[in-house]
Every structure is written in C-alpha cells, then in structure tokens.
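Text of start-v2.txt, listed as compact mmCIF, C-alpha atoms:
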# COMPACT_ATOMS: atom_id res chain seq x y z
CA MET A 156 -30.62 -248.70 -148.55
CA PRO A 157 -28.04 -248.97 -151.36
CA ASP A 158 -24.65 -250.54 -150.71
CA LEU A 159 -22.01 -247.98 -149.80
CA PRO A 160 -18.97 -247.83 -152.05
CA PRO A 161 -15.55 -248.15 -150.42
CA LEU A 162 -13.71 -244.89 -150.00
CA GLU A 163 -10.49 -244.35 -151.87
CA PRO A 164 -7.60 -243.03 -149.76
CA GLY A 165 -7.49 -239.25 -149.79
CA LYS A 166 -10.78 -238.89 -151.64
CA ARG A 167 -13.94 -237.42 -150.21
CA PRO A 168 -16.98 -239.69 -150.57
CA ASP A 169 -19.07 -237.02 -152.28
CA GLU A 170 -16.58 -235.98 -154.97
CA ALA A 171 -18.23 -238.03 -157.71
CA VAL A 172 -21.67 -236.68 -156.93
CA ALA A 173 -20.97 -233.16 -155.73
CA LYS A 174 -23.00 -230.10 -156.72
CA GLY A 175 -23.47 -230.15 -160.46
CA ARG A 176 -23.26 -233.94 -160.37
CA PRO A 177 -23.77 -235.84 -163.66
CA ASN A 178 -27.31 -236.52 -164.87
CA GLU A 179 -28.87 -234.25 -162.26
CA GLU A 180 -31.37 -232.88 -164.80
CA THR A 181 -32.44 -236.38 -165.84
CA SER A 182 -32.93 -237.68 -162.29
CA PRO A 183 -36.59 -238.25 -161.44
CA ILE A 184 -38.46 -235.55 -159.55
CA VAL A 185 -39.15 -236.79 -156.03
CA LEU A 186 -40.92 -233.72 -154.60
CA GLU A 187 -42.92 -230.97 -156.27
CA LEU A 188 -44.82 -228.08 -154.73
CA ARG A 189 -47.18 -226.23 -157.09
CA LYS A 190 -48.41 -222.83 -155.86
CA VAL A 191 -48.88 -224.13 -152.32
CA THR A 192 -50.69 -221.96 -149.78
CA CYS A 193 -51.13 -222.86 -146.10
CA ALA A 194 -52.88 -220.80 -143.42
CA TYR A 195 -53.06 -221.29 -139.66
CA GLU A 196 -55.69 -218.57 -139.34
CA ALA A 197 -58.45 -217.65 -141.76
CA GLY A 198 -57.28 -214.94 -144.11
CA ARG A 199 -53.66 -215.02 -142.90
CA PRO A 200 -51.58 -217.44 -145.01
CA ALA A 201 -48.35 -218.64 -143.42
CA ILE A 202 -47.03 -219.43 -146.92
CA SER A 203 -48.43 -218.33 -150.28
CA ASP A 204 -47.94 -219.66 -153.81
CA ILE A 205 -44.79 -221.67 -153.04
CA SER A 206 -43.52 -223.60 -156.07
CA LEU A 207 -40.34 -225.69 -156.07
CA CYS A 208 -39.12 -229.20 -156.80
CA ALA A 209 -36.38 -231.62 -155.75
CA ARG A 210 -34.90 -234.43 -157.83
CA LYS A 211 -33.57 -237.76 -156.62
CA GLY A 212 -30.43 -237.16 -154.55
CA ASP A 213 -30.91 -233.38 -154.29
CA ILE A 214 -30.14 -231.52 -151.10
CA LEU A 215 -32.50 -228.56 -150.97
CA CYS A 216 -32.37 -225.85 -148.30
CA LEU A 217 -35.29 -223.69 -147.18
CA LEU A 218 -33.58 -220.48 -146.05
CA GLY A 219 -34.96 -217.40 -144.41
CA PRO A 220 -35.42 -215.42 -141.18
CA SER A 221 -37.65 -216.49 -138.29
CA GLY A 222 -41.31 -216.44 -139.25
CA CYS A 223 -40.69 -216.52 -143.01
CA GLY A 224 -42.57 -219.82 -143.52
CA LYS A 225 -39.73 -222.31 -143.96
CA THR A 226 -40.80 -224.64 -141.12
CA THR A 227 -44.42 -224.41 -142.27
CA THR A 228 -43.29 -225.48 -145.74
CA LEU A 229 -41.47 -228.45 -144.21
CA ARG A 230 -44.55 -229.40 -142.18
CA VAL A 231 -46.70 -229.24 -145.32
CA ILE A 232 -44.30 -231.62 -147.10
CA ALA A 233 -44.41 -233.97 -144.11
CA GLY A 234 -48.20 -233.94 -144.03
CA PHE A 235 -48.45 -232.28 -140.61
CA GLU A 236 -50.34 -229.29 -142.05
CA PRO A 237 -53.11 -229.19 -144.69
CA VAL A 238 -53.00 -226.76 -147.61
CA ILE A 239 -55.77 -224.40 -148.67
CA GLY A 240 -54.40 -223.98 -152.17
CA GLY A 241 -51.96 -225.63 -154.56
CA GLU A 242 -50.68 -229.20 -154.66
CA VAL A 243 -47.87 -231.30 -153.21
CA TYR A 244 -46.57 -234.35 -155.09
CA LEU A 245 -44.25 -237.07 -153.77
CA GLN A 246 -42.94 -239.42 -156.44
CA ASP A 247 -45.69 -238.22 -158.82
CA GLN A 248 -48.39 -239.02 -156.25
CA LEU A 249 -50.67 -236.18 -155.14
CA VAL A 250 -50.41 -236.10 -151.34
CA SER A 251 -51.76 -232.62 -150.48
CA ALA A 252 -54.36 -230.34 -152.03
CA ALA A 253 -57.37 -228.38 -150.83
CA GLY A 254 -59.55 -231.05 -149.20
CA LEU A 255 -56.90 -233.78 -149.57
CA LEU A 256 -54.28 -234.79 -146.99
CA VAL A 257 -52.47 -238.13 -147.28
CA PRO A 258 -51.42 -239.05 -143.72
CA THR A 259 -47.76 -238.61 -142.76
CA GLU A 260 -47.27 -242.32 -142.11
CA GLU A 261 -48.27 -243.08 -145.72
CA ARG A 262 -45.82 -240.60 -147.26
CA ARG A 263 -42.56 -242.42 -146.43
CA VAL A 264 -40.85 -239.27 -145.23
CA GLY A 265 -38.03 -239.32 -142.68
CA MET A 266 -37.89 -236.51 -140.14
CA VAL A 267 -35.07 -235.16 -137.96
CA PHE A 268 -36.33 -232.55 -135.52
CA GLN A 269 -34.47 -229.68 -133.84
CA GLU A 270 -34.49 -231.52 -130.51
CA TYR A 271 -33.90 -234.92 -132.23
CA ALA A 272 -36.95 -236.39 -130.37
CA LEU A 273 -35.17 -239.55 -129.23
CA PHE A 274 -36.96 -241.84 -126.81
CA PRO A 275 -35.12 -241.35 -123.51
CA HIS A 276 -36.07 -244.78 -122.14
CA LEU A 277 -34.77 -246.65 -125.20
CA ARG A 278 -31.16 -247.47 -125.97
CA VAL A 279 -29.52 -246.35 -129.22
CA ALA A 280 -30.23 -249.59 -131.08
CA GLU A 281 -33.85 -249.59 -129.86
CA ASN A 282 -34.33 -245.99 -131.00
CA ILE A 283 -33.05 -246.87 -134.46
CA ALA A 284 -35.23 -249.98 -134.64
CA PHE A 285 -38.38 -248.22 -133.47
CA GLY A 286 -39.89 -247.81 -136.94
CA LEU A 287 -38.87 -251.27 -138.16
CA ARG A 288 -41.48 -253.38 -136.40
CA HIS A 289 -42.80 -254.61 -139.73
CA LEU A 290 -39.51 -256.48 -140.26
CA SER A 291 -38.51 -259.81 -138.79
CA ALA A 292 -36.13 -259.82 -135.82
CA ASP A 293 -33.20 -260.83 -138.01
CA GLN A 294 -33.99 -258.14 -140.58
CA ARG A 295 -34.27 -255.49 -137.85
CA THR A 296 -30.91 -256.53 -136.42
CA THR A 297 -29.27 -256.38 -139.84
CA GLN A 298 -30.76 -252.97 -140.65
CA VAL A 299 -29.86 -251.48 -137.27
CA HIS A 300 -26.28 -252.71 -137.55
CA ALA A 301 -26.02 -251.19 -141.04
CA MET A 302 -27.25 -247.84 -139.69
CA LEU A 303 -24.85 -247.98 -136.74
CA ALA A 304 -21.94 -248.61 -139.10
CA MET A 305 -23.03 -245.94 -141.55
CA THR A 306 -23.32 -243.23 -138.89
CA GLY A 307 -20.23 -244.20 -136.92
CA LEU A 308 -22.16 -245.44 -133.86
CA ILE A 309 -20.75 -248.95 -133.55
CA GLY A 310 -20.07 -249.47 -129.85
CA PHE A 311 -22.80 -247.05 -128.75
CA GLU A 312 -25.79 -249.30 -129.39
CA ARG A 313 -26.52 -249.99 -125.70
CA ARG A 314 -26.24 -246.40 -124.53
CA TYR A 315 -29.21 -244.25 -123.61
CA PRO A 316 -29.67 -240.79 -125.22
CA HIS A 317 -28.59 -238.93 -122.07
CA GLU A 318 -25.26 -240.77 -122.24
CA LEU A 319 -24.50 -239.31 -125.68
CA SER A 320 -23.10 -235.98 -126.88
CA GLY A 321 -25.23 -233.67 -129.00
CA GLY A 322 -23.48 -234.83 -132.17
CA GLN A 323 -24.01 -238.48 -131.27
CA GLN A 324 -27.69 -237.86 -130.55
CA GLN A 325 -28.04 -236.27 -133.97
CA ARG A 326 -26.43 -239.32 -135.56
CA VAL A 327 -28.96 -241.56 -133.81
CA ALA A 328 -31.81 -239.40 -135.09
CA LEU A 329 -30.39 -239.61 -138.62
CA ALA A 330 -29.91 -243.36 -138.37
CA ARG A 331 -33.49 -243.82 -137.16
CA ALA A 332 -34.85 -241.74 -140.05
CA LEU A 333 -32.70 -243.40 -142.73
CA ALA A 334 -33.38 -246.93 -141.43
CA GLN A 335 -36.91 -246.66 -142.80
CA LYS A 336 -35.60 -245.94 -146.32
CA PRO A 337 -37.62 -242.73 -146.74
CA VAL A 338 -38.54 -241.23 -150.08
CA ILE A 339 -37.31 -237.91 -148.72
CA LEU A 340 -35.52 -236.84 -145.53
CA LEU A 341 -36.72 -233.65 -143.79
CA LEU A 342 -34.38 -231.85 -141.38
CA ASP A 343 -35.58 -228.94 -139.24
CA GLU A 344 -32.50 -226.89 -138.22
CA PRO A 345 -30.65 -230.05 -137.11
CA PHE A 346 -27.47 -228.19 -136.12
CA SER A 347 -29.04 -225.55 -133.87
CA ASN A 348 -28.16 -227.40 -130.65
CA LEU A 349 -24.49 -227.98 -131.51
CA ASP A 350 -21.50 -225.79 -130.72
CA PRO A 351 -19.78 -224.07 -133.70
CA ASP A 352 -16.89 -226.55 -133.98
CA MET A 353 -19.23 -229.55 -133.88
CA THR A 354 -21.61 -227.88 -136.34
CA GLY A 355 -18.95 -227.66 -139.04
CA LYS A 356 -18.01 -231.31 -138.65
CA MET A 357 -21.60 -232.51 -138.57
CA ARG A 358 -22.47 -230.50 -141.68
CA GLN A 359 -19.73 -232.27 -143.60
CA ASP A 360 -20.58 -235.68 -142.15
CA LEU A 361 -24.26 -235.25 -143.01
CA HIS A 362 -23.46 -233.99 -146.50
CA ASP A 363 -21.21 -236.99 -147.13
CA LEU A 364 -23.82 -239.40 -145.77
CA LEU A 365 -26.59 -237.98 -147.96
CA ARG A 366 -24.33 -238.16 -151.01
CA ARG A 367 -23.23 -241.72 -150.33
CA THR A 368 -26.82 -242.91 -149.94
CA ASN A 369 -28.19 -240.68 -152.75
CA THR A 370 -30.84 -239.48 -150.30
CA THR A 371 -33.13 -236.62 -151.27
CA ALA A 372 -33.21 -234.15 -148.38
CA ILE A 373 -34.91 -230.87 -147.45
CA LEU A 374 -33.06 -228.84 -144.82
CA VAL A 375 -34.53 -225.86 -142.95
CA THR A 376 -32.04 -223.23 -141.81
CA HIS A 377 -31.72 -219.50 -141.12
CA ASP A 378 -27.94 -219.63 -141.70
CA HIS A 379 -26.88 -218.83 -145.25
CA ASP A 380 -23.41 -220.31 -144.68
CA GLU A 381 -25.07 -223.59 -143.75
CA ALA A 382 -27.31 -223.47 -146.81
CA PHE A 383 -24.39 -222.71 -149.13
CA ALA A 384 -22.27 -225.50 -147.63
CA MET A 385 -25.00 -228.14 -147.87
CA ALA A 386 -27.36 -227.41 -150.73
CA ASP A 387 -27.67 -228.07 -154.44
CA ARG A 388 -30.59 -225.62 -154.52
CA VAL A 389 -31.64 -222.93 -152.07
CA ALA A 390 -35.18 -221.60 -151.65
CA VAL A 391 -35.09 -218.18 -149.98
CA LEU A 392 -38.38 -217.34 -148.22
CA ASN A 393 -39.57 -214.00 -146.88
CA ASN A 394 -42.95 -213.25 -145.29
CA GLY A 395 -44.35 -216.55 -146.51
CA ARG A 396 -43.33 -216.09 -150.13
CA LEU A 397 -40.57 -217.56 -152.25
CA GLU A 398 -38.13 -214.80 -153.22
CA GLN A 399 -35.68 -216.96 -155.19
CA PHE A 400 -35.04 -220.65 -155.89
CA ASP A 401 -31.64 -221.33 -157.41
CA THR A 402 -28.13 -222.67 -156.87
CA PRO A 403 -26.12 -221.25 -153.95
CA GLU A 404 -23.78 -219.55 -156.40
CA ALA A 405 -26.63 -217.80 -158.22
CA ILE A 406 -28.31 -216.83 -154.95
CA TYR A 407 -25.13 -215.11 -153.78
CA HIS A 408 -23.81 -213.60 -156.99
CA MET A 409 -27.08 -212.89 -158.83
CA PRO A 410 -29.80 -212.30 -156.21
CA SER A 411 -33.18 -211.60 -157.73
CA THR A 412 -34.36 -209.16 -155.03
CA PRO A 413 -32.70 -206.73 -152.59
CA PHE A 414 -33.95 -208.89 -149.70
CA VAL A 415 -32.10 -211.94 -151.02
CA ALA A 416 -28.97 -209.86 -151.67
CA ASP A 417 -28.94 -208.56 -148.11
CA PHE A 418 -29.93 -211.80 -146.37
CA VAL A 419 -27.32 -214.13 -147.86
CA GLY A 420 -24.29 -211.96 -147.13
CA GLN A 421 -22.97 -208.47 -146.55
CA ALA A 422 -24.36 -206.23 -149.27
CA ASP A 423 -24.16 -202.50 -149.86
CA PHE A 424 -26.54 -200.64 -152.16
CA ILE A 425 -25.24 -197.59 -154.01
CA PRO A 426 -27.68 -195.33 -155.91
CA GLY A 427 -26.90 -194.61 -159.54
CA ILE A 428 -28.24 -193.01 -162.71
CA VAL A 429 -28.19 -194.63 -166.15
CA GLU A 430 -26.50 -192.39 -168.72
CA ASN A 431 -25.03 -193.28 -172.13
CA GLY A 432 -25.37 -196.99 -171.46
CA LYS A 433 -23.53 -196.83 -168.13
CA VAL A 434 -24.60 -196.64 -164.49
CA LEU A 435 -22.96 -193.63 -162.86
CA THR A 436 -22.39 -193.77 -159.10
CA GLU A 437 -20.20 -191.92 -156.62
CA ILE A 438 -17.76 -194.86 -156.55
CA GLY A 439 -17.46 -195.22 -160.32
CA GLU A 440 -19.17 -196.47 -163.47
CA PHE A 441 -20.85 -199.85 -163.86
CA PRO A 442 -22.18 -201.63 -166.96
CA ASN A 443 -25.92 -201.40 -167.53
CA GLN A 444 -26.30 -205.16 -167.85
CA ALA A 445 -30.00 -205.07 -167.07
CA GLY A 446 -30.70 -202.76 -170.02
CA TYR A 447 -32.33 -199.89 -168.13
CA GLN A 448 -33.39 -196.84 -170.14
CA GLY A 449 -31.34 -193.65 -169.97
CA GLY A 450 -32.20 -191.58 -166.90
CA ALA A 451 -33.38 -194.60 -164.91
CA ARG A 452 -32.72 -194.40 -161.17
CA VAL A 453 -31.18 -197.67 -160.04
CA VAL A 454 -29.29 -199.24 -157.17
CA VAL A 455 -26.04 -201.16 -157.61
CA MET A 456 -25.43 -204.06 -155.21
CA ILE A 457 -21.83 -204.29 -154.00
CA ARG A 458 -20.27 -207.15 -152.02
CA PRO A 459 -17.20 -206.61 -149.77
CA ASP A 460 -15.11 -208.81 -152.06
CA ASP A 461 -15.98 -206.46 -154.96
CA ILE A 462 -14.13 -203.56 -153.32
CA HIS A 463 -10.46 -203.23 -152.43
CA VAL A 464 -8.88 -200.27 -150.68
CA ILE A 465 -5.48 -198.66 -151.15
CA PRO A 466 -4.30 -196.04 -148.63
CA ALA A 467 -3.82 -192.78 -150.52
CA GLU A 468 -3.48 -189.19 -149.37
CA ASN A 469 -6.00 -186.60 -150.55
CA CYS A 470 -8.73 -189.26 -151.05
CA THR A 471 -12.14 -188.43 -149.62
CA ALA A 472 -13.16 -191.98 -148.65
CA ARG A 473 -11.98 -192.99 -145.18
CA ILE A 474 -11.84 -196.10 -143.04
CA LEU A 475 -14.47 -195.90 -140.30
CA ALA A 476 -14.06 -199.31 -138.65
CA ARG A 477 -12.34 -202.69 -138.95
CA GLN A 478 -13.59 -206.14 -137.97
CA PHE A 479 -10.97 -208.87 -137.71
CA ARG A 480 -12.49 -212.16 -138.87
CA GLY A 481 -9.49 -214.46 -138.74
CA SER A 482 -8.89 -215.07 -142.44
CA GLU A 483 -9.89 -211.52 -143.41
CA ASN A 484 -10.41 -207.97 -142.27
CA LEU A 485 -13.77 -206.38 -143.01
CA TYR A 486 -13.43 -202.62 -143.38
CA MET A 487 -16.24 -200.10 -143.17
CA ILE A 488 -15.55 -197.24 -145.58
CA GLY A 489 -17.23 -193.84 -145.30
CA LEU A 490 -17.95 -192.04 -148.59
CA PRO A 491 -18.18 -188.25 -149.05
CA SER A 492 -21.98 -188.52 -149.36
CA GLY A 493 -22.20 -190.14 -145.93
CA ARG A 494 -23.00 -193.55 -147.37
CA VAL A 495 -21.02 -196.58 -146.28
CA VAL A 496 -19.53 -199.52 -148.18
CA HIS A 497 -17.52 -202.52 -146.97
CA SER A 498 -14.27 -204.02 -148.19
CA SER A 499 -12.87 -207.48 -147.54
CA GLU A 500 -9.08 -207.49 -147.26
CA ALA A 501 -6.44 -210.04 -146.30
CA SER A 502 -5.99 -210.56 -142.56
CA THR A 503 -2.48 -209.11 -142.84
CA SER A 504 -3.74 -205.84 -144.39
CA VAL A 505 -4.23 -203.70 -141.29
CA TYR A 506 -4.96 -199.99 -141.72
CA PRO A 507 -5.69 -197.48 -138.94
CA ILE A 508 -9.14 -195.99 -138.46
CA GLY A 509 -9.37 -192.70 -140.32
CA THR A 510 -6.98 -193.68 -143.11
CA PRO A 511 -7.93 -192.04 -146.43
CA VAL A 512 -8.28 -194.71 -149.11
CA GLU A 513 -8.78 -195.09 -152.83
CA LEU A 514 -11.45 -197.59 -153.83
CA GLN A 515 -10.75 -200.17 -156.52
CA ILE A 516 -13.88 -201.89 -157.82
CA VAL A 517 -13.21 -205.41 -159.08
CA ALA A 518 -16.78 -206.67 -159.48
CA THR A 519 -16.99 -209.53 -161.97
CA HIS A 520 -20.69 -208.86 -162.51
CA THR A 521 -23.15 -206.06 -161.84
CA VAL A 522 -26.45 -206.56 -160.02
CA LEU A 523 -28.94 -203.72 -160.48
CA PHE A 524 -32.29 -203.05 -158.85
CA ASP A 525 -34.90 -200.36 -159.32
CA ARG A 526 -34.21 -197.58 -156.82
CA ASP A 527 -37.74 -197.82 -155.44
CA ALA A 528 -37.40 -201.59 -154.88
CA ASN A 529 -34.76 -201.12 -152.18
CA PRO A 530 -35.98 -199.39 -149.02
CA ARG A 531 -32.39 -199.11 -147.76
CA SER A 532 -31.18 -196.99 -150.67
CA SER A 533 -30.91 -193.25 -150.41
CA THR A 534 -32.23 -190.76 -152.91

Could I get this file's structure written as structure tokens?
Amino acid sequence: MPDLPPLEPGKRPDEAVAKGRPNEETSPIVLELRKVTCAYEAGRPAISDISLCARKGDILCLLGPSGCGKTTTLRVIAGFEPVIGGEVYLQDQLVSAAGLLVPTEERRVGMVFQEYALFPHLRVAENIAFGLRHLSADQRTTQVHAMLAMTGLIGFERRYPHELSGGQQQRVALARALAQKPVILLLDEPFSNLDPDMTGKMRQDLHDLLRRTNTTAILVTHDHDEAFAMADRVAVLNNGRLEQFDTPEAIYHMPSTPFVADFVGQADFIPGIVENGKVLTEIGEFPNQAGYQGGARVVVMIRPDDIHVIPAENCTARILARQFRGSENLYMIGLPSGRVVHSSEASTSVYPIGTPVELQIVATHTVLFDRDANPRSST
C-alpha cells in the first residue's frame, strides 16, 4: 500500500486526482472485458458481449436496474462465474475465457459484499488480518494498524462486528479488502444497508480513500446519483447488454439511447419533425445536430433543467403538479396535446396548480432519437 500524503488544511484529499486527473489516458489498463458473455442457463445469457476497461486508479460504476447483469459482470471479474464467450484480462493476464477460469484466489481481487460478510466471532483487527496469514506476525500487526488508521478505526480493533454501526462495519470490510493490496477492488452495492445521511458521508469517505491509495475499483449500483458522485466512468447495463460506457457527464447530457436518458434522471421525450434543418416540436424549434434528413420523425429529449416556466395569462401550458425537493421545485407541466414535460425551478419559486405558464427552453445541447426507438413517445 503506498504511503498516504499529508492533507493540507482546507483541501480535499482527492483534489489533485479528481475526475479528469492528469495522465489518466497513459495509466496502465488494469481490467479489460472483451465481448464477454455469461449464462446461468443454456441459451439464456445473463450478460452478452460486454466490453469495457479500467485503468490504474479508475473508479468504474456498473449501473442499471435489478436483473440487468451488473452483479453478474462483477462476479465474472472476480472469477466466481465462468464465461461462455469473450475474454477477461487482469493486468494483461487472461483470467477468463471459454474453457478457462483462473481461480478467484489467484486474481488478487478485493471484494466488499452487500452484507460486508464479516466474521462475527472475530474482532475488528482479526477480521482485517484474516487474509494476511502469509505474513509474519510483526508484518500482520503493522499492516492491520495501517488499515485501522487509514479507515478511521483506531480504538475499535478489539470490538466484534455486532458492536459496530453499519458505517463502521463497512470500514472494516474495506480495510480487510485493501489490506491484501488487491489489483482491483470490487464493491457490490456497499451502501445499500446504510441510512441516507450515512450513505452520503460514506460515499465521500470511500471516494477519498480510493483516490488517496490510487486503488482501481468497480462499484455496482442501481442509483445514478451514487454512480455520478463516485465514478470516472459509468457502464449502463440493460437486459444483460451494455447500453453506454462513458463519463458521468456524457451519460447524463449525451445519452446514447432512450433507456439511458430515462434511467439516469428525469427525462421527457417530445416528438418532432425535421424541416429546413430544424426540429419542429410543439414547445419550439431545436437544432438538427444529428443531421437527420428532412421529414424525419424524431424525438427530442428534454431535462427539467432545460425548461423554465414564467406565469403568463392566455398561455395554453399549465402547471399540473409540484414536488418540493428542498433545493428545488419540480413542476409537471401539461401541454395542449396532452403530453407532459417537467421544469426544475428554485425552491422559492412557488406557483399554484393550474397556473398558465410560458415555457422558456434553455437547453445547451439537443439530444435526438429516432421516433421508433423510443416506446414512450407518442405519434
């Protein structure tokens, strides 16, 4: 484990190596999946043709709904599941292919499970030291103390797991995984058992810890906020297939499919027709950035922060509902056609239900899809 640099007052430990950190494209590739397919039942792949990679120090999130294949992908990386097609490489070594499965214990992967999987009969220090039996007693003691200090568990070393909070148990699980100096750290929804306030703190603590140690990590989650907060790259899965693999910013602002657009945040889809180089819709004109031919039937994706409302008499759009979200109000706006769009406004902008409003579109980019590619769009 590398030495940890001292923290400067008032400076976050990950500032120097945050997303877009220097030399990220020249860092060595630690993990690569090439067209990986895994099936639990004959003829029914759980994941199909998954290709992605992670470089040294990357935090990569596998994001998607239940049953999409993200945990299966993690298990394939760990060596818990064989593949029937494609290849998995760890540090340029082939570890999985059809007919080949390097055992988990030979892959040097660290694993933090949903339930943390701590040994209830062992104290904190003993849990952390469990995988260090190949070291001398003095080396084990030194490594365990380093992990306790790194994860803020000094003073808890003699406690049993049931004497710890959920956040403390997670720290023990992380310390145990990192103590073995893994090539890659795999985390399967590690925040699912924590309350919302603790989740936010643990996300930041984990992010800082991974940055400080330059640890390559793969995180499974169904929460796009979690993925955006943690990841350098996000792999969005759906029905066992990879829909998009990109930065969080690109996933949100430039989704490659309607599924991705809808899954990673509130999205409305407005039908339009391409005419004279513009996309004409009932809420206004949009640039034809995708270069569709004239007459093409398309769908424009709109985010709530792309639309602002101004109360105005004689307007045909009306406020149907308001959700107060603390820092913002999310308005549901009914259009004359019966379609609905959403607008994000300041928390102090409170308008009554039924208020007629003018829509101001302030989209900084336009995302277009073929009309037939979006089952939610209307004709």

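Using all atoms listed in the file for every distance, the candidate list A:Val279, A:Leu218, A:Met353, A:Ala501 yields A:Leu218 as the residue closest to A:Ala382.
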
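Of the residues under consideration (A:Thr521, A:Ala334, A:Tyr195, A:Gly420), A:Ala334 shows the shortest atom-to-atom contact distance to A:Gln294 when counting all atoms listed in the file.
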
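Shortest atom-to-atom contact with A:Thr259 among A:Ile232, A:Arg494, A:Thr297, A:Pro316: A:Ile232, counting all atoms listed in the file.
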
Check which residues of stretch 343-379 of chain A sit at most 10 Å from stretch 406-418 of chain A using all atoms listed in the file, and return one row each with the closest pair of atoms and their distance in Å to one decimal, ordered by chain and rising number, as a tab-separated table.
residue	atom	partner	partner_atom	distance
A:His377	CA	A:Phe418	CA	9.5
A:Asp378	CA	A:Phe418	CA	9.3
A:His379	CA	A:Phe418	CA	7.7

Pull C-alpha atoms from the residues just selected and write them as a PDB file, in the coordinates of the input.
ATOM      1  CA  HIS A 377     -31.720-219.500-141.120  1.00  0.00           C
ATOM      2  CA  ASP A 378     -27.940-219.630-141.700  1.00  0.00           C
ATOM      3  CA  HIS A 379     -26.880-218.830-145.250  1.00  0.00           C
TER       4      HIS A 379
END

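The spacing separating atom CA of A:Ile508 from atom CA of A:Val495 amounts to 14.2 Å.
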
- Task: For stretch 454-457 of chain A, please output as a ChimeraX atom specification all residues within 8 Å (counting only C-alpha atoms; exclusion window: fewer than 2 positions along the same chain).
- Result: /A:416,422-427,452,459,461-462,496,518,521-526,529,532

Write to file, as a short mmCIF file (atom, residue, chain, number, x, y, z; two decimals), in the coordinates of the input, the residues of the selection just made, with C-alpha atoms.
data_model
loop_
_atom_site.label_atom_id
_atom_site.label_comp_id
_atom_site.auth_asym_id
_atom_site.auth_seq_id
_atom_site.Cartn_x
_atom_site.Cartn_y
_atom_site.Cartn_z
CA ALA A 416 -28.97 -209.86 -151.67
CA ALA A 422 -24.36 -206.23 -149.27
CA ASP A 423 -24.16 -202.50 -149.86
CA PHE A 424 -26.54 -200.64 -152.16
CA ILE A 425 -25.24 -197.59 -154.01
CA PRO A 426 -27.68 -195.33 -155.91
CA GLY A 427 -26.90 -194.61 -159.54
CA ARG A 452 -32.72 -194.40 -161.17
CA PRO A 459 -17.20 -206.61 -149.77
CA ASP A 461 -15.98 -206.46 -154.96
CA ILE A 462 -14.13 -203.56 -153.32
CA VAL A 496 -19.53 -199.52 -148.18
CA ALA A 518 -16.78 -206.67 -159.48
CA THR A 521 -23.15 -206.06 -161.84
CA VAL A 522 -26.45 -206.56 -160.02
CA LEU A 523 -28.94 -203.72 -160.48
CA PHE A 524 -32.29 -203.05 -158.85
CA ASP A 525 -34.90 -200.36 -159.32
CA ARG A 526 -34.21 -197.58 -156.82
CA ASN A 529 -34.76 -201.12 -152.18
CA SER A 532 -31.18 -196.99 -150.67
#

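Shortest atom-to-atom contact with A:Ser504 among A:His463, A:Arg473, A:Lys336, A:His276: A:His463, counting all atoms listed in the file.
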
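Atom CA of A:Asp204 sits 10.0 Å away from atom CA of A:Glu242.
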
- The residue from A:Arg477, A:Arg396, A:His497, A:Arg262 with the smallest atom-to-atom distance to A:Gly219, counting all atoms listed in the file, is A:Arg396

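The interatomic distance for the pair atom CA of A:Ile438 and atom CA of A:Val419 works out to 23.2 Å.
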
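With all atoms listed in the file as the atoms that count, the residue of A:Asn484, A:Thr376, A:Ser320, A:Ser347 with the shortest distance to A:Cys223 is A:Thr376.
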
- Message: So that I can check the surroundings of A:Phe346, please list as a ChimeraX atom specification every protein, DNA and RNA residue that reaches within 9 Å of it, counting only C-alpha atoms and ignoring chain neighbours fewer than 4 positions away.
- Response: /A:269,322,325,350,353-354,357-358,376

As lines of an AutoDock Vina configuration file: centre and edge lengths in Å, one decimal, of the axis-aligned box holding stretch 494-511 of chain A with 6 Å per side:
center_x = -12.7
center_y = -201.3
center_z = -143.3
size_x = 32.5
size_y = 30.5
size_z = 21.7

Starting from the incomplete input, reconstruct N, CA, C and O atoms of stretch 516-527 of chain A and report them as an mmCIF file, in the frame of the given file.
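So the final result, stored in selection34.cif, reads:
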data_model
loop_
_atom_site.group_PDB
_atom_site.id
_atom_site.type_symbol
_atom_site.label_atom_id
_atom_site.label_comp_id
_atom_site.auth_asym_id
_atom_site.auth_seq_id
_atom_site.Cartn_x
_atom_site.Cartn_y
_atom_site.Cartn_z
ATOM 1 N N ILE A 516 -12.724 -201.007 -157.624
ATOM 2 C CA ILE A 516 -13.880 -201.890 -157.820
ATOM 3 C C ILE A 516 -13.467 -203.014 -158.764
ATOM 4 O O ILE A 516 -13.022 -202.766 -159.891
ATOM 5 N N VAL A 517 -13.609 -204.256 -158.281
ATOM 6 C CA VAL A 517 -13.210 -205.410 -159.080
ATOM 7 C C VAL A 517 -14.390 -206.378 -159.239
ATOM 8 O O VAL A 517 -14.219 -207.590 -159.254
ATOM 9 N N ALA A 518 -15.588 -205.835 -159.343
ATOM 10 C CA ALA A 518 -16.780 -206.670 -159.480
ATOM 11 C C ALA A 518 -16.740 -207.427 -160.804
ATOM 12 O O ALA A 518 -16.478 -206.843 -161.860
ATOM 13 N N THR A 519 -16.977 -208.723 -160.750
ATOM 14 C CA THR A 519 -16.990 -209.530 -161.970
ATOM 15 C C THR A 519 -18.363 -209.520 -162.631
ATOM 16 O O THR A 519 -18.525 -210.029 -163.730
ATOM 17 N N HIS A 520 -19.353 -208.970 -161.957
ATOM 18 C CA HIS A 520 -20.690 -208.860 -162.510
ATOM 19 C C HIS A 520 -21.361 -207.673 -161.812
ATOM 20 O O HIS A 520 -20.901 -207.193 -160.791
ATOM 21 N N THR A 521 -22.418 -207.190 -162.416
ATOM 22 C CA THR A 521 -23.150 -206.060 -161.840
ATOM 23 C C THR A 521 -24.590 -206.477 -161.593
ATOM 24 O O THR A 521 -25.253 -206.989 -162.496
ATOM 25 N N VAL A 522 -25.068 -206.281 -160.361
ATOM 26 C CA VAL A 522 -26.450 -206.560 -160.020
ATOM 27 C C VAL A 522 -27.152 -205.232 -159.780
ATOM 28 O O VAL A 522 -26.740 -204.441 -158.921
ATOM 29 N N LEU A 523 -28.198 -204.975 -160.558
ATOM 30 C CA LEU A 523 -28.940 -203.720 -160.480
ATOM 31 C C LEU A 523 -30.364 -203.963 -160.040
ATOM 32 O O LEU A 523 -30.980 -204.968 -160.413
ATOM 33 N N PHE A 524 -30.887 -203.028 -159.248
ATOM 34 C CA PHE A 524 -32.290 -203.050 -158.850
ATOM 35 C C PHE A 524 -32.884 -201.671 -159.087
ATOM 36 O O PHE A 524 -32.175 -200.658 -159.102
ATOM 37 N N ASP A 525 -34.212 -201.641 -159.276
ATOM 38 C CA ASP A 525 -34.900 -200.360 -159.320
ATOM 39 C C ASP A 525 -34.685 -199.644 -157.997
ATOM 40 O O ASP A 525 -34.744 -200.259 -156.928
ATOM 41 N N ARG A 526 -34.449 -198.341 -158.046
ATOM 42 C CA ARG A 526 -34.210 -197.580 -156.820
ATOM 43 C C ARG A 526 -35.350 -197.750 -155.830
ATOM 44 O O ARG A 526 -35.131 -197.915 -154.633
ATOM 45 N N ASP A 527 -36.573 -197.730 -156.329
ATOM 46 C CA ASP A 527 -37.740 -197.820 -155.440
ATOM 47 C C ASP A 527 -37.919 -199.209 -154.835
ATOM 48 O O ASP A 527 -38.661 -199.357 -153.868
#
